[in-house]
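Student: Let me begin by handing over the structure; questions about it come next.
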Amino acid sequence: MAKELTSKSKNYSQWYNELVVKADLAENSAVRGSMVIKPYGYAIWEKMQAQLDIMFKETGHQNAYFPLFIPKSFFSKEAAHVEGFAKECAVVTHYRLKNDENGNGIVVDPAAKLEEELIVRPTSETIIWHTYKNWIQSWRDLPILCNQWANVVRWEMRTRLFLRTAEFLWQEGHTAHATKAEAIEETYKMVNVYADFAEQFMAMPVIKGHKSENERFAGALDTLTIEALMQDGKALQSGTSHFLGQNFAKAFDVQFANKEGKLEHVWATSWGVSTRLMGALIMAHSDDNGLVLPPKLAPFQVVIVPIYRKDEQLTQISEKADEIIAKLKALGISVKYDDSDAKKPGWKFAEYELKGVPVRLAIGPRDLENGTIEVARRDLLSKEVVNIDGIDQYIKDLLDDIQKTIYNKAYKFREEHTTPVETYEEFKEVLKNKGGFISAHWDGSPETEQKIKDETKATIRCIPLDAEEEEGKCIYSGQPSNKRVLFALAY
RNA sequence: CGGGGUAUAGCACAGUCCGGUUAGUGUACCUGGUUUGGGACCAGGGGGUCGCAGGUUCGAAUCCUGCUACCCCGACCA
């Protein structure tokens, strides 16, 4: 990593890309804007998936799978939706290749043109609602609470590793309800699941809130979001939950017979989080030595590095290490023992710091003599020598403490970088010199938000769910406002 | 699509302005030895169509033309 780059550096994306690559998480692939997720990075994603999946099941959802390809005509059925996604779709037009007669290698066979083009899903509302039409006839068929783990493709003009790749992995929940109230309740329920996941597992504090009209999902009546603050003062939308009203039910003609025997359109929600969460995790916690992973999402929570000169020493150390590993595993702690002879201890120390392993244990001849072990924690970069008796419980407590400490650090950072302002001058000053969330009054009009965006690049990240009623004046127009909203520069 | 930049070993770069030995440095890699409590040291070794295609020239990584890819800044966005 270049020395002048730090986590506070203005060239944050460069620092981030360096870290991501060096931490062995991902790299850009041969295809523009898409990524290869390397094994260590994918292990983190699997941890996230596993936990989210548990939380979805706990809230009554089931997994299902829908097609990758969506007929083009499906997209035109919901006007706002097609408007939102038309500009960034990958389109399949042919189904066969052939050898070129002029010797130019393999070419697309013009004879194999598809009758109707297929869109590689940018999101699955359309294909799913097409399917739901066949699943729903009566109020007895509702609700439908499905989630899909899948990849989607959005042909973005500009991409950024993890945060905005052309192809990304995500989950998308799609639910169908008999009543408006039940659908709205579902929308809130899932944004709460996301917030709990972010805070309890990613150790990343988030603000729950409504998106403004300008930032709302294409086709939604309301979009709830969790917004996190990165260390460079920019905000990242980390998950969204949409109340879709009856828009998709009407577009795909999905009606059910209610208890009175009358036909009604179904109410819908959709919600999703993506591999962008990986980017959030990295950018929220990393320091100049590399990743800092919360213990609950680390592929392994503890690494043991033996320090030895001779093979006999390694044998003795390994015996001790095996005892410790057995004890730690009994407490549900994941451990890697790195007795590889290929690298020296110093190299391993640096490497596991880069990878963000929460706790590092080192055992050498000195420890064998004294009955001790060296314990280093990644979040504080501190280390101490402790007695080996009771080490298992000691590590368990330490992991809990690290999880909390990482969260508290991020929380403190966010509190220190959330600034209430009263005037537009103040707004611009804070935005330029301090960054972070800016809490300000807004008149509620899309025009005002657009003007502020044009002039400062800052957008309304959300209207917080817990915003207090408060008389005020819009910082831009001076019109009356009854609550503050959060502005920030965003990724 | 607009504006700027880059393309030379797995990676990071120098060399290009001002053409001229066998294209170089760091790192990584291979072999041997000494090392191992914070990214070791010594010695030896392998690895290059200098992005692609033309052109100028006795001679091109270097000059000219065209093309392509990537990066950064905008418009777009989970």
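Ordering of the structure tokens sets the chain letters (A, B, ...), residue numbers begin anew at 1 in every chain, and ligands are numbered from 1 in the order given.
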Go through chain B and flag each residue having an atom no more than 9 Å from chain A; for those, report the closest pair of atoms plus their distance in Å to one decimal, using only C-alpha atoms (C1' of nucleotides), ordered by chain and rising number, as JSON lines.

Tutor:
{"residue": "B:U35", "atom": "C1'", "partner": "A:Arg309", "partner_atom": "CA", "distance": 8.6}
{"residue": "B:U36", "atom": "C1'", "partner": "A:Lys344", "partner_atom": "CA", "distance": 5.8}
{"residue": "B:G37", "atom": "C1'", "partner": "A:Ile307", "partner_atom": "CA", "distance": 6.9}
{"residue": "B:G38", "atom": "C1'", "partner": "A:Gly346", "partner_atom": "CA", "distance": 4.5}
{"residue": "B:G39", "atom": "C1'", "partner": "A:Trp347", "partner_atom": "CA", "distance": 4.1}
{"residue": "B:A40", "atom": "C1'", "partner": "A:Lys344", "partner_atom": "CA", "distance": 8.2}
{"residue": "B:A75", "atom": "C1'", "partner": "A:Met157", "partner_atom": "CA", "distance": 9.0}
{"residue": "B:C76", "atom": "C1'", "partner": "A:Met157", "partner_atom": "CA", "distance": 6.2}
{"residue": "B:C77", "atom": "C1'", "partner": "A:Glu156", "partner_atom": "CA", "distance": 6.8}
{"residue": "B:A78", "atom": "C1'", "partner": "A:Ser274", "partner_atom": "CA", "distance": 6.7}

Student: Tell me, as a short mmCIF file (atom, residue, chain, number, x, y, z; two decimals) with N, CA and C atoms (P, O5', C5', C4', C3', O3' and C1' of nucleotides), in the first residue's frame, which residues lie within 10 Å of stretch 23-33 of chain B, counting only C-alpha atoms (C1' of nucleotides); anything in the same chain fewer than 5 positions away does not count.

Tutor:
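And here is the file that came out, part_37.cif:
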data_model
loop_
_atom_site.label_atom_id
_atom_site.label_comp_id
_atom_site.auth_asym_id
_atom_site.auth_seq_id
_atom_site.Cartn_x
_atom_site.Cartn_y
_atom_site.Cartn_z
P U B 8 1.82 -2.43 -19.23
"O5'" U B 8 3.22 -2.33 -19.94
"C5'" U B 8 3.51 -3.16 -21.05
"C4'" U B 8 4.99 -3.43 -21.13
"C3'" U B 8 5.61 -3.98 -19.85
"O3'" U B 8 5.41 -5.37 -19.71
"C1'" U B 8 6.92 -2.21 -20.63
P G B 10 4.20 -11.76 -16.68
"O5'" G B 10 3.39 -11.87 -15.31
"C5'" G B 10 2.08 -12.40 -15.26
"C4'" G B 10 1.60 -12.31 -13.84
"C3'" G B 10 1.56 -10.90 -13.27
"O3'" G B 10 0.33 -10.27 -13.57
"C1'" G B 10 2.75 -12.29 -11.79
P C B 11 0.27 -8.72 -13.91
"O5'" C B 11 0.63 -8.07 -12.50
"C5'" C B 11 -0.30 -8.10 -11.42
"C4'" C B 11 0.30 -7.41 -10.23
"C3'" C B 11 0.79 -5.99 -10.46
"O3'" C B 11 -0.26 -5.04 -10.40
"C1'" C B 11 2.45 -7.20 -9.32
P A B 12 -0.15 -3.68 -11.22
"O5'" A B 12 1.01 -2.91 -10.45
"C5'" A B 12 0.81 -2.47 -9.10
"C4'" A B 12 2.02 -1.72 -8.63
"C3'" A B 12 2.53 -0.64 -9.58
"O3'" A B 12 1.78 0.55 -9.48
"C1'" A B 12 4.35 -1.94 -8.81
P C B 13 1.75 1.55 -10.70
"O5'" C B 13 3.33 1.82 -10.79
"C5'" C B 13 3.91 2.57 -11.81
"C4'" C B 13 5.39 2.57 -11.53
"C3'" C B 13 6.24 3.13 -12.64
"O3'" C B 13 6.28 4.55 -12.60
"C1'" C B 13 7.20 1.11 -11.86
P A B 14 6.49 5.37 -13.94
"O5'" A B 14 8.05 5.13 -14.26
"C5'" A B 14 9.02 5.70 -13.40
"C4'" A B 14 10.42 5.32 -13.80
"C3'" A B 14 10.90 5.72 -15.18
"O3'" A B 14 11.16 7.10 -15.28
"C1'" A B 14 11.73 3.59 -14.61
P G B 15 10.86 7.88 -16.64
"O5'" G B 15 11.76 7.10 -17.70
"C5'" G B 15 13.17 7.28 -17.70
"C4'" G B 15 13.79 6.33 -18.69
"C3'" G B 15 13.39 6.54 -20.15
"O3'" G B 15 14.18 7.55 -20.76
"C1'" G B 15 13.28 4.24 -19.60
P C B 42 21.44 -9.26 1.50
"O5'" C B 42 22.40 -10.48 1.19
"C5'" C B 42 23.68 -10.56 1.79
"C4'" C B 42 24.34 -11.88 1.47
"C3'" C B 42 24.35 -12.27 0.00
"O3'" C B 42 25.37 -11.62 -0.73
"C1'" C B 42 23.71 -14.13 1.31
P A B 43 25.13 -11.24 -2.28
"O5'" A B 43 25.27 -12.66 -2.96
"C5'" A B 43 26.52 -13.34 -2.97
"C4'" A B 43 26.37 -14.74 -3.48
"C3'" A B 43 25.69 -14.87 -4.84
"O3'" A B 43 26.55 -14.57 -5.92
"C1'" A B 43 24.80 -16.47 -3.36
P G B 44 25.93 -13.92 -7.26
"O5'" G B 44 25.15 -15.14 -7.92
"C5'" G B 44 25.89 -16.21 -8.51
"C4'" G B 44 24.99 -17.39 -8.77
"C3'" G B 44 23.88 -17.19 -9.79
"O3'" G B 44 24.34 -17.22 -11.13
"C1'" G B 44 23.01 -18.29 -7.91
P G B 45 23.56 -16.34 -12.24
"O5'" G B 45 22.16 -17.09 -12.38
"C5'" G B 45 22.10 -18.41 -12.91
"C4'" G B 45 20.72 -18.97 -12.81
"C3'" G B 45 19.64 -18.30 -13.65
"O3'" G B 45 19.71 -18.69 -15.01
"C1'" G B 45 18.80 -18.74 -11.49
P G B 46 19.20 -17.71 -16.17
"O5'" G B 46 17.64 -18.00 -16.18
"C5'" G B 46 17.14 -19.30 -16.52
"C4'" G B 46 15.67 -19.39 -16.23
"C3'" G B 46 14.80 -18.35 -16.92
"O3'" G B 46 14.50 -18.72 -18.25
"C1'" G B 46 14.21 -18.47 -14.64
P G B 47 14.38 -17.59 -19.37
"O5'" G B 47 13.04 -16.86 -18.96
"C5'" G B 47 11.78 -17.55 -19.04
"C4'" G B 47 10.71 -16.75 -18.35
"C3'" G B 47 10.44 -15.38 -18.96
"O3'" G B 47 9.54 -15.49 -20.05
"C1'" G B 47 10.63 -15.19 -16.61
P G B 48 9.90 -14.83 -21.48
"O5'" G B 48 9.63 -13.28 -21.21
"C5'" G B 48 8.43 -12.84 -20.60
"C4'" G B 48 8.00 -11.53 -21.21
"C3'" G B 48 8.06 -11.47 -22.74
"O3'" G B 48 6.92 -10.80 -23.23
"C1'" G B 48 9.37 -9.74 -21.82
P C B 50 7.63 -6.46 -27.83
"O5'" C B 50 6.98 -6.23 -26.37
"C5'" C B 50 5.73 -5.66 -26.19
"C4'" C B 50 5.79 -4.58 -25.12
"C3'" C B 50 5.36 -3.21 -25.61
"O3'" C B 50 4.59 -2.61 -24.60
"C1'" C B 50 7.50 -3.08 -24.62
P A B 61 11.84 -1.38 -30.27
"O5'" A B 61 10.91 -1.12 -29.00
"C5'" A B 61 9.49 -1.23 -29.11
"C4'" A B 61 8.82 -0.36 -28.08
"C3'" A B 61 8.90 1.14 -28.37
"O3'" A B 61 7.83 1.54 -29.17
"C1'" A B 61 9.57 0.71 -26.13
#

Student: From a backbone DSSP assignment, name each residue in stretch 81-316 of chain A labelled strand (DSSP E), as a ChimeraX atom specification.

Tutor: /A:91-94,97-99,106-108,113-120,144-153,167-177,207-210,222-229,235-245,255-257,263-265,267-274,302-306

Student: What lies within 9 Å of stretch 142-152 of chain A using only C-alpha atoms (C1' of nucleotides), ignoring chain neighbours under 6 positions off, as JSON, numbers by chain?

Tutor: {"A": [49, 56, 60, 61, 62, 63, 64, 65, 66, 68, 120, 121, 122, 123, 124, 132, 135, 136, 166, 167, 168, 169, 170, 171, 172, 173, 174, 175, 176, 177, 178, 182, 256, 266, 271]}

Student: Keeping only N, CA, C and O atoms, write those residues as a short mmCIF file (atom, residue, chain, number, x, y, z; two decimals), in the first residue's frame.

Tutor:
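Saved as result_28.cif:
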data_model
loop_
_atom_site.label_atom_id
_atom_site.label_comp_id
_atom_site.auth_asym_id
_atom_site.auth_seq_id
_atom_site.Cartn_x
_atom_site.Cartn_y
_atom_site.Cartn_z
N GLN A 49 -24.50 -14.38 4.41
CA GLN A 49 -25.65 -15.10 3.88
C GLN A 49 -26.29 -15.99 4.93
O GLN A 49 -27.51 -15.99 5.11
N PHE A 56 -34.22 -14.35 8.00
CA PHE A 56 -35.37 -14.38 7.10
C PHE A 56 -36.32 -15.51 7.50
O PHE A 56 -37.53 -15.35 7.52
N GLY A 60 -40.42 -15.82 8.99
CA GLY A 60 -41.46 -16.52 8.25
C GLY A 60 -41.26 -16.66 6.75
O GLY A 60 -42.20 -17.02 6.03
N HIS A 61 -40.06 -16.37 6.28
CA HIS A 61 -39.85 -16.42 4.83
C HIS A 61 -39.26 -17.74 4.37
O HIS A 61 -38.66 -18.48 5.15
N GLN A 62 -39.43 -18.02 3.07
CA GLN A 62 -38.88 -19.22 2.47
C GLN A 62 -38.06 -18.84 1.25
O GLN A 62 -38.36 -17.83 0.60
N ASN A 63 -37.08 -19.65 0.92
CA ASN A 63 -36.29 -19.38 -0.28
C ASN A 63 -36.91 -20.04 -1.50
O ASN A 63 -37.50 -21.12 -1.41
N ALA A 64 -36.75 -19.36 -2.63
CA ALA A 64 -37.22 -19.89 -3.91
C ALA A 64 -36.26 -19.40 -4.99
O ALA A 64 -35.35 -18.63 -4.70
N TYR A 65 -36.48 -19.87 -6.22
CA TYR A 65 -35.60 -19.39 -7.29
C TYR A 65 -36.40 -19.11 -8.55
O TYR A 65 -37.27 -19.90 -8.93
N PHE A 66 -36.05 -18.00 -9.20
CA PHE A 66 -36.73 -17.58 -10.42
C PHE A 66 -35.69 -17.39 -11.54
O PHE A 66 -34.50 -17.25 -11.27
N LEU A 68 -33.13 -16.36 -14.58
CA LEU A 68 -32.13 -15.31 -14.84
C LEU A 68 -32.59 -14.39 -15.98
O LEU A 68 -32.36 -13.20 -15.97
N VAL A 120 -31.23 -9.86 -19.03
CA VAL A 120 -30.61 -10.48 -17.86
C VAL A 120 -31.10 -9.66 -16.66
O VAL A 120 -30.93 -8.45 -16.63
N ARG A 121 -31.72 -10.35 -15.69
CA ARG A 121 -32.44 -9.64 -14.63
C ARG A 121 -31.57 -8.56 -13.95
O ARG A 121 -30.47 -8.86 -13.48
N PRO A 122 -32.09 -7.34 -13.87
CA PRO A 122 -31.46 -6.32 -13.04
C PRO A 122 -32.09 -6.35 -11.65
O PRO A 122 -31.55 -5.79 -10.69
N THR A 123 -33.25 -6.98 -11.55
CA THR A 123 -34.02 -7.22 -10.34
C THR A 123 -35.20 -8.05 -10.82
O THR A 123 -35.47 -8.08 -12.02
N SER A 124 -35.87 -8.76 -9.92
CA SER A 124 -36.78 -9.80 -10.41
C SER A 124 -38.27 -9.53 -10.25
O SER A 124 -39.08 -10.44 -10.44
N TYR A 132 -46.30 -15.08 -9.75
CA TYR A 132 -47.27 -15.01 -8.65
C TYR A 132 -48.72 -15.02 -9.15
O TYR A 132 -49.62 -15.47 -8.45
N TRP A 135 -49.95 -18.25 -8.84
CA TRP A 135 -49.95 -18.83 -7.49
C TRP A 135 -51.11 -18.30 -6.63
O TRP A 135 -51.41 -18.85 -5.59
N ILE A 136 -51.70 -17.20 -7.06
CA ILE A 136 -52.65 -16.51 -6.21
C ILE A 136 -54.04 -16.46 -6.83
O ILE A 136 -54.22 -15.92 -7.93
N ALA A 166 -21.02 -4.49 -12.18
CA ALA A 166 -22.00 -4.76 -13.22
C ALA A 166 -22.82 -6.01 -12.87
O ALA A 166 -24.02 -6.06 -13.11
N GLU A 167 -22.15 -6.99 -12.29
CA GLU A 167 -22.86 -8.16 -11.78
C GLU A 167 -22.65 -8.18 -10.27
O GLU A 167 -21.53 -7.94 -9.81
N PHE A 168 -23.70 -8.41 -9.52
CA PHE A 168 -23.50 -8.57 -8.09
C PHE A 168 -24.38 -9.66 -7.52
O PHE A 168 -25.35 -10.10 -8.15
N LEU A 169 -24.00 -10.14 -6.35
CA LEU A 169 -24.78 -11.17 -5.66
C LEU A 169 -25.66 -10.47 -4.65
O LEU A 169 -25.25 -9.48 -4.04
N TRP A 170 -26.87 -10.98 -4.49
CA TRP A 170 -27.75 -10.38 -3.48
C TRP A 170 -28.83 -11.35 -3.08
O TRP A 170 -28.89 -12.49 -3.56
N GLN A 171 -29.68 -10.89 -2.20
CA GLN A 171 -30.93 -11.58 -1.96
C GLN A 171 -32.02 -10.56 -2.22
O GLN A 171 -31.84 -9.37 -1.97
N GLU A 172 -33.13 -11.05 -2.77
CA GLU A 172 -34.27 -10.18 -2.97
C GLU A 172 -35.51 -10.87 -2.43
O GLU A 172 -35.84 -11.98 -2.83
N GLY A 173 -36.16 -10.22 -1.49
CA GLY A 173 -37.39 -10.76 -0.94
C GLY A 173 -38.57 -10.18 -1.71
O GLY A 173 -38.55 -9.00 -2.07
N HIS A 174 -39.56 -11.02 -2.01
CA HIS A 174 -40.74 -10.53 -2.73
C HIS A 174 -41.97 -11.10 -2.06
O HIS A 174 -42.16 -12.31 -2.04
N THR A 175 -42.77 -10.22 -1.48
CA THR A 175 -43.92 -10.71 -0.74
C THR A 175 -45.22 -10.16 -1.29
O THR A 175 -45.26 -9.08 -1.87
N ALA A 176 -46.27 -10.96 -1.11
CA ALA A 176 -47.61 -10.60 -1.59
C ALA A 176 -48.58 -10.69 -0.41
O ALA A 176 -48.54 -11.67 0.34
N HIS A 177 -49.39 -9.68 -0.25
CA HIS A 177 -50.28 -9.59 0.92
C HIS A 177 -51.70 -9.22 0.52
O HIS A 177 -51.93 -8.59 -0.52
N ALA A 178 -52.63 -9.58 1.42
CA ALA A 178 -54.05 -9.29 1.15
C ALA A 178 -54.40 -7.85 1.48
O ALA A 178 -55.33 -7.29 0.91
N GLU A 182 -50.84 -4.91 6.05
CA GLU A 182 -49.94 -6.03 6.24
C GLU A 182 -48.67 -5.86 5.40
O GLU A 182 -47.56 -6.16 5.86
N PHE A 256 -56.98 -11.44 -6.15
CA PHE A 256 -57.43 -12.57 -5.34
C PHE A 256 -58.87 -12.32 -4.89
O PHE A 256 -59.32 -11.17 -4.81
N VAL A 266 -53.49 -7.54 -5.26
CA VAL A 266 -52.61 -7.92 -4.16
C VAL A 266 -51.67 -6.76 -3.81
O VAL A 266 -51.32 -5.96 -4.67
N TRP A 271 -37.47 -6.38 -1.00
CA TRP A 271 -36.38 -5.89 -0.14
C TRP A 271 -35.10 -6.65 -0.48
O TRP A 271 -35.14 -7.80 -0.91
#

Student: One decimal, Å: what's the distance from atom CA of A:Thr419 over to atom CA of A:Asp379, could you say?

Tutor: 26.6 Å

Student: So, with only C-alpha atoms as the atoms that count, which of A:Leu263, A:Val302, A:Ile325, A:Met190 lies closest to A:Met55?

Tutor: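 Once distances to A:Met55 are computed over only C-alpha atoms, the minimum belongs to A:Met190.
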
Student: Give me, as a list in words, all polymer residues having an atom no more than 6 Å from stretch 288-293 of chain A, counting only C-alpha atoms (C1' of nucleotides) and skipping those fewer than 5 positions away in the same chain.

Tutor: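 These residues fall inside the cut-off: Thr6, Ala298, Leu354, Lys355 and Gly356 of chain A.
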
Student: Write a file of the just-selected residues containing all heavy atoms, as a PDB file, in the first residue's frame.

Tutor:
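Below you can see result.pdb, which holds the result:
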ATOM      1  N   THR A   6      -4.061   6.881   3.520  1.00  0.00           N
ATOM      2  CA  THR A   6      -4.566   6.471   4.817  1.00  0.00           C
ATOM      3  C   THR A   6      -6.075   6.360   4.727  1.00  0.00           C
ATOM      4  O   THR A   6      -6.664   6.734   3.719  1.00  0.00           O
ATOM      5  CB  THR A   6      -4.229   7.493   5.917  1.00  0.00           C
ATOM      6  OG1 THR A   6      -5.074   8.639   5.711  1.00  0.00           O
ATOM      7  CG2 THR A   6      -2.780   7.914   5.867  1.00  0.00           C
ATOM      8  N   ALA A 298     -16.107 -12.984  10.809  1.00  0.00           N
ATOM      9  CA  ALA A 298     -14.771 -13.379  10.362  1.00  0.00           C
ATOM     10  C   ALA A 298     -14.788 -14.847   9.931  1.00  0.00           C
ATOM     11  O   ALA A 298     -15.349 -15.680  10.636  1.00  0.00           O
ATOM     12  CB  ALA A 298     -13.767 -13.172  11.485  1.00  0.00           C
ATOM     13  N   LEU A 354      -3.762  -7.936   7.831  1.00  0.00           N
ATOM     14  CA  LEU A 354      -4.344  -7.495   6.561  1.00  0.00           C
ATOM     15  C   LEU A 354      -5.708  -8.154   6.349  1.00  0.00           C
ATOM     16  O   LEU A 354      -6.637  -7.536   5.850  1.00  0.00           O
ATOM     17  CB  LEU A 354      -3.382  -7.869   5.433  1.00  0.00           C
ATOM     18  CG  LEU A 354      -3.533  -7.183   4.090  1.00  0.00           C
ATOM     19  CD1 LEU A 354      -3.408  -5.680   4.234  1.00  0.00           C
ATOM     20  CD2 LEU A 354      -2.474  -7.699   3.135  1.00  0.00           C
ATOM     21  N   LYS A 355      -5.808  -9.405   6.743  1.00  0.00           N
ATOM     22  CA  LYS A 355      -7.058 -10.138   6.546  1.00  0.00           C
ATOM     23  C   LYS A 355      -8.081  -9.867   7.650  1.00  0.00           C
ATOM     24  O   LYS A 355      -9.213 -10.324   7.577  1.00  0.00           O
ATOM     25  CB  LYS A 355      -6.785 -11.635   6.466  1.00  0.00           C
ATOM     26  CG  LYS A 355      -6.099 -12.011   5.172  1.00  0.00           C
ATOM     27  CD  LYS A 355      -6.066 -13.503   4.955  1.00  0.00           C
ATOM     28  CE  LYS A 355      -5.731 -13.778   3.495  1.00  0.00           C
ATOM     29  NZ  LYS A 355      -5.490 -15.180   3.211  1.00  0.00           N
ATOM     30  N   GLY A 356      -7.679  -9.158   8.668  1.00  0.00           N
ATOM     31  CA  GLY A 356      -8.636  -8.734   9.684  1.00  0.00           C
ATOM     32  C   GLY A 356      -9.024  -9.784  10.705  1.00  0.00           C
ATOM     33  O   GLY A 356     -10.068  -9.658  11.344  1.00  0.00           O
TER      34      GLY A 356
END

Student: Can you pull out the residues contacting B:A53? Cut-off 12 Å, using only C-alpha atoms (C1' of nucleotides), and skip same-chain residues under 2 positions away; I want them as a list in words.

Tutor: G51, G55, U65, G66, C67 and U68 of chain B

Student: Take the residues that were just selected and, keeping all heavy atoms, output them as a CSV table (one decimal), in the first residue's frame.

Tutor:
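Output (selection09.csv):
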chain,number,residue,atom,x,y,z
B,51,G,P,3.4,-1.6,-25.0
B,51,G,OP1,3.7,-0.8,-26.2
B,51,G,OP2,3.2,-0.9,-23.7
B,51,G,O5',2.2,-2.5,-25.3
B,51,G,C5',1.8,-3.6,-24.5
B,51,G,C4',0.5,-4.2,-25.0
B,51,G,O4',-0.5,-3.2,-24.5
B,51,G,C3',0.3,-4.3,-26.5
B,51,G,O3',0.8,-5.5,-26.9
B,51,G,C2',-1.2,-4.1,-26.6
B,51,G,O2',-1.9,-5.3,-26.3
B,51,G,C1',-1.5,-3.1,-25.5
B,51,G,N9,-1.5,-1.7,-26.0
B,51,G,C8,-0.7,-0.7,-25.6
B,51,G,N7,-0.9,0.4,-26.2
B,51,G,C5,-1.9,0.1,-27.1
B,51,G,C6,-2.6,1.0,-28.0
B,51,G,O6,-2.4,2.2,-28.3
B,51,G,N1,-3.6,0.3,-28.7
B,51,G,C2,-3.9,-1.0,-28.5
B,51,G,N2,-4.9,-1.5,-29.3
B,51,G,N3,-3.3,-1.8,-27.7
B,51,G,C4,-2.3,-1.2,-27.0
B,55,G,P,3.6,-1.2,-43.1
B,55,G,OP1,3.8,-1.6,-44.5
B,55,G,OP2,4.2,-2.0,-42.0
B,55,G,O5',4.0,0.3,-43.0
B,55,G,C5',3.3,1.3,-43.8
B,55,G,C4',3.6,2.7,-43.3
B,55,G,O4',3.2,2.8,-41.9
B,55,G,C3',5.0,3.1,-43.2
B,55,G,O3',5.5,3.5,-44.5
B,55,G,C2',4.9,4.3,-42.3
B,55,G,O2',4.4,5.5,-42.9
B,55,G,C1',3.9,3.8,-41.3
B,55,G,N9,4.6,3.2,-40.1
B,55,G,C8,4.7,1.9,-39.7
B,55,G,N7,5.3,1.7,-38.6
B,55,G,C5,5.7,3.0,-38.2
B,55,G,C6,6.5,3.5,-37.1
B,55,G,O6,7.0,2.8,-36.2
B,55,G,N1,6.7,4.9,-37.1
B,55,G,C2,6.2,5.7,-38.1
B,55,G,N2,6.4,7.0,-38.0
B,55,G,N3,5.4,5.3,-39.1
B,55,G,C4,5.3,3.9,-39.1
B,65,U,P,0.0,11.7,-34.9
B,65,U,OP1,-0.8,13.0,-35.0
B,65,U,OP2,0.3,11.1,-33.6
B,65,U,O5',-0.8,10.7,-35.9
B,65,U,C5',-1.2,11.0,-37.2
B,65,U,C4',-1.8,9.8,-37.8
B,65,U,O4',-0.8,8.7,-38.0
B,65,U,C3',-2.9,9.1,-37.0
B,65,U,O3',-4.1,9.8,-37.1
B,65,U,C2',-2.9,7.7,-37.7
B,65,U,O2',-3.6,7.7,-38.9
B,65,U,C1',-1.4,7.5,-37.9
B,65,U,N1,-0.8,6.7,-36.8
B,65,U,C2,-0.9,5.3,-36.8
B,65,U,O2,-1.5,4.7,-37.7
B,65,U,N3,-0.3,4.7,-35.8
B,65,U,C4,0.4,5.3,-34.8
B,65,U,O4,0.9,4.5,-33.9
B,65,U,C5,0.5,6.7,-34.8
B,65,U,C6,-0.1,7.4,-35.8
B,66,G,P,-5.2,9.7,-35.9
B,66,G,OP1,-6.3,10.6,-36.2
B,66,G,OP2,-4.4,9.8,-34.6
B,66,G,O5',-5.7,8.2,-36.0
B,66,G,C5',-6.5,7.8,-37.1
B,66,G,C4',-6.7,6.3,-37.2
B,66,G,O4',-5.4,5.7,-37.3
B,66,G,C3',-7.3,5.6,-36.0
B,66,G,O3',-8.7,5.8,-35.9
B,66,G,C2',-6.9,4.2,-36.1
B,66,G,O2',-7.6,3.5,-37.1
B,66,G,C1',-5.4,4.4,-36.6
B,66,G,N9,-4.5,4.4,-35.5
B,66,G,C8,-3.9,5.5,-34.9
B,66,G,N7,-3.1,5.1,-33.9
B,66,G,C5,-3.2,3.7,-33.8
B,66,G,C6,-2.6,2.8,-32.9
B,66,G,O6,-1.9,3.0,-32.0
B,66,G,N1,-3.1,1.5,-33.2
B,66,G,C2,-3.9,1.1,-34.2
B,66,G,N2,-4.2,-0.1,-34.3
B,66,G,N3,-4.5,2.0,-35.1
B,66,G,C4,-4.1,3.3,-34.8
B,67,C,P,-9.5,5.8,-34.5
B,67,C,OP1,-10.9,6.1,-34.8
B,67,C,OP2,-8.7,6.7,-33.6
B,67,C,O5',-9.3,4.3,-34.0
B,67,C,C5',-10.0,3.3,-34.7
B,67,C,C4',-9.5,1.9,-34.2
B,67,C,O4',-8.1,1.9,-34.2
B,67,C,C3',-9.9,1.6,-32.7
B,67,C,O3',-11.2,1.1,-32.5
B,67,C,C2',-8.8,0.5,-32.4
B,67,C,O2',-9.2,-0.7,-33.0
B,67,C,C1',-7.6,1.1,-33.2
B,67,C,N1,-6.7,1.8,-32.3
B,67,C,C2,-5.9,1.1,-31.4
B,67,C,O2,-6.0,-0.1,-31.4
B,67,C,N3,-5.1,1.8,-30.5
B,67,C,C4,-5.0,3.1,-30.6
B,67,C,N4,-4.2,3.8,-29.8
B,67,C,C5,-5.9,3.9,-31.5
B,67,C,C6,-6.7,3.2,-32.3
B,68,U,P,-12.0,1.5,-31.2
B,68,U,OP1,-13.4,1.1,-31.4
B,68,U,OP2,-11.6,2.8,-30.8
B,68,U,O5',-11.3,0.4,-30.2
B,68,U,C5',-11.4,-1.0,-30.4
B,68,U,C4',-10.5,-1.7,-29.4
B,68,U,O4',-9.1,-1.3,-29.6
B,68,U,C3',-10.8,-1.4,-27.9
B,68,U,O3',-11.9,-2.0,-27.4
B,68,U,C2',-9.5,-1.8,-27.3
B,68,U,O2',-9.4,-3.2,-27.2
B,68,U,C1',-8.4,-1.4,-28.3
B,68,U,N1,-7.9,0.0,-28.1
B,68,U,C2,-6.9,0.1,-27.1
B,68,U,O2,-6.5,-0.9,-26.5
B,68,U,N3,-6.4,1.3,-26.9
B,68,U,C4,-6.8,2.5,-27.5
B,68,U,O4,-6.2,3.5,-27.2
B,68,U,C5,-7.8,2.3,-28.4
B,68,U,C6,-8.3,1.1,-28.7

Student: Got a sec: who's within 8 Å of stretch 70-73 of chain B, counting only C-alpha atoms (C1' of nucleotides), leaving out chain neighbours fewer than 6 positions off, as a VMD selection string?

Tutor: chain B and resid 3 to 6

Student: With only C-alpha atoms (C1' of nucleotides) as the atoms that count, which of B:A69, B:C64, B:C1, B:G59 lies nearest to B:G19?

Tutor: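 Checking each candidate against B:G19, we get B:G59 as the closest.
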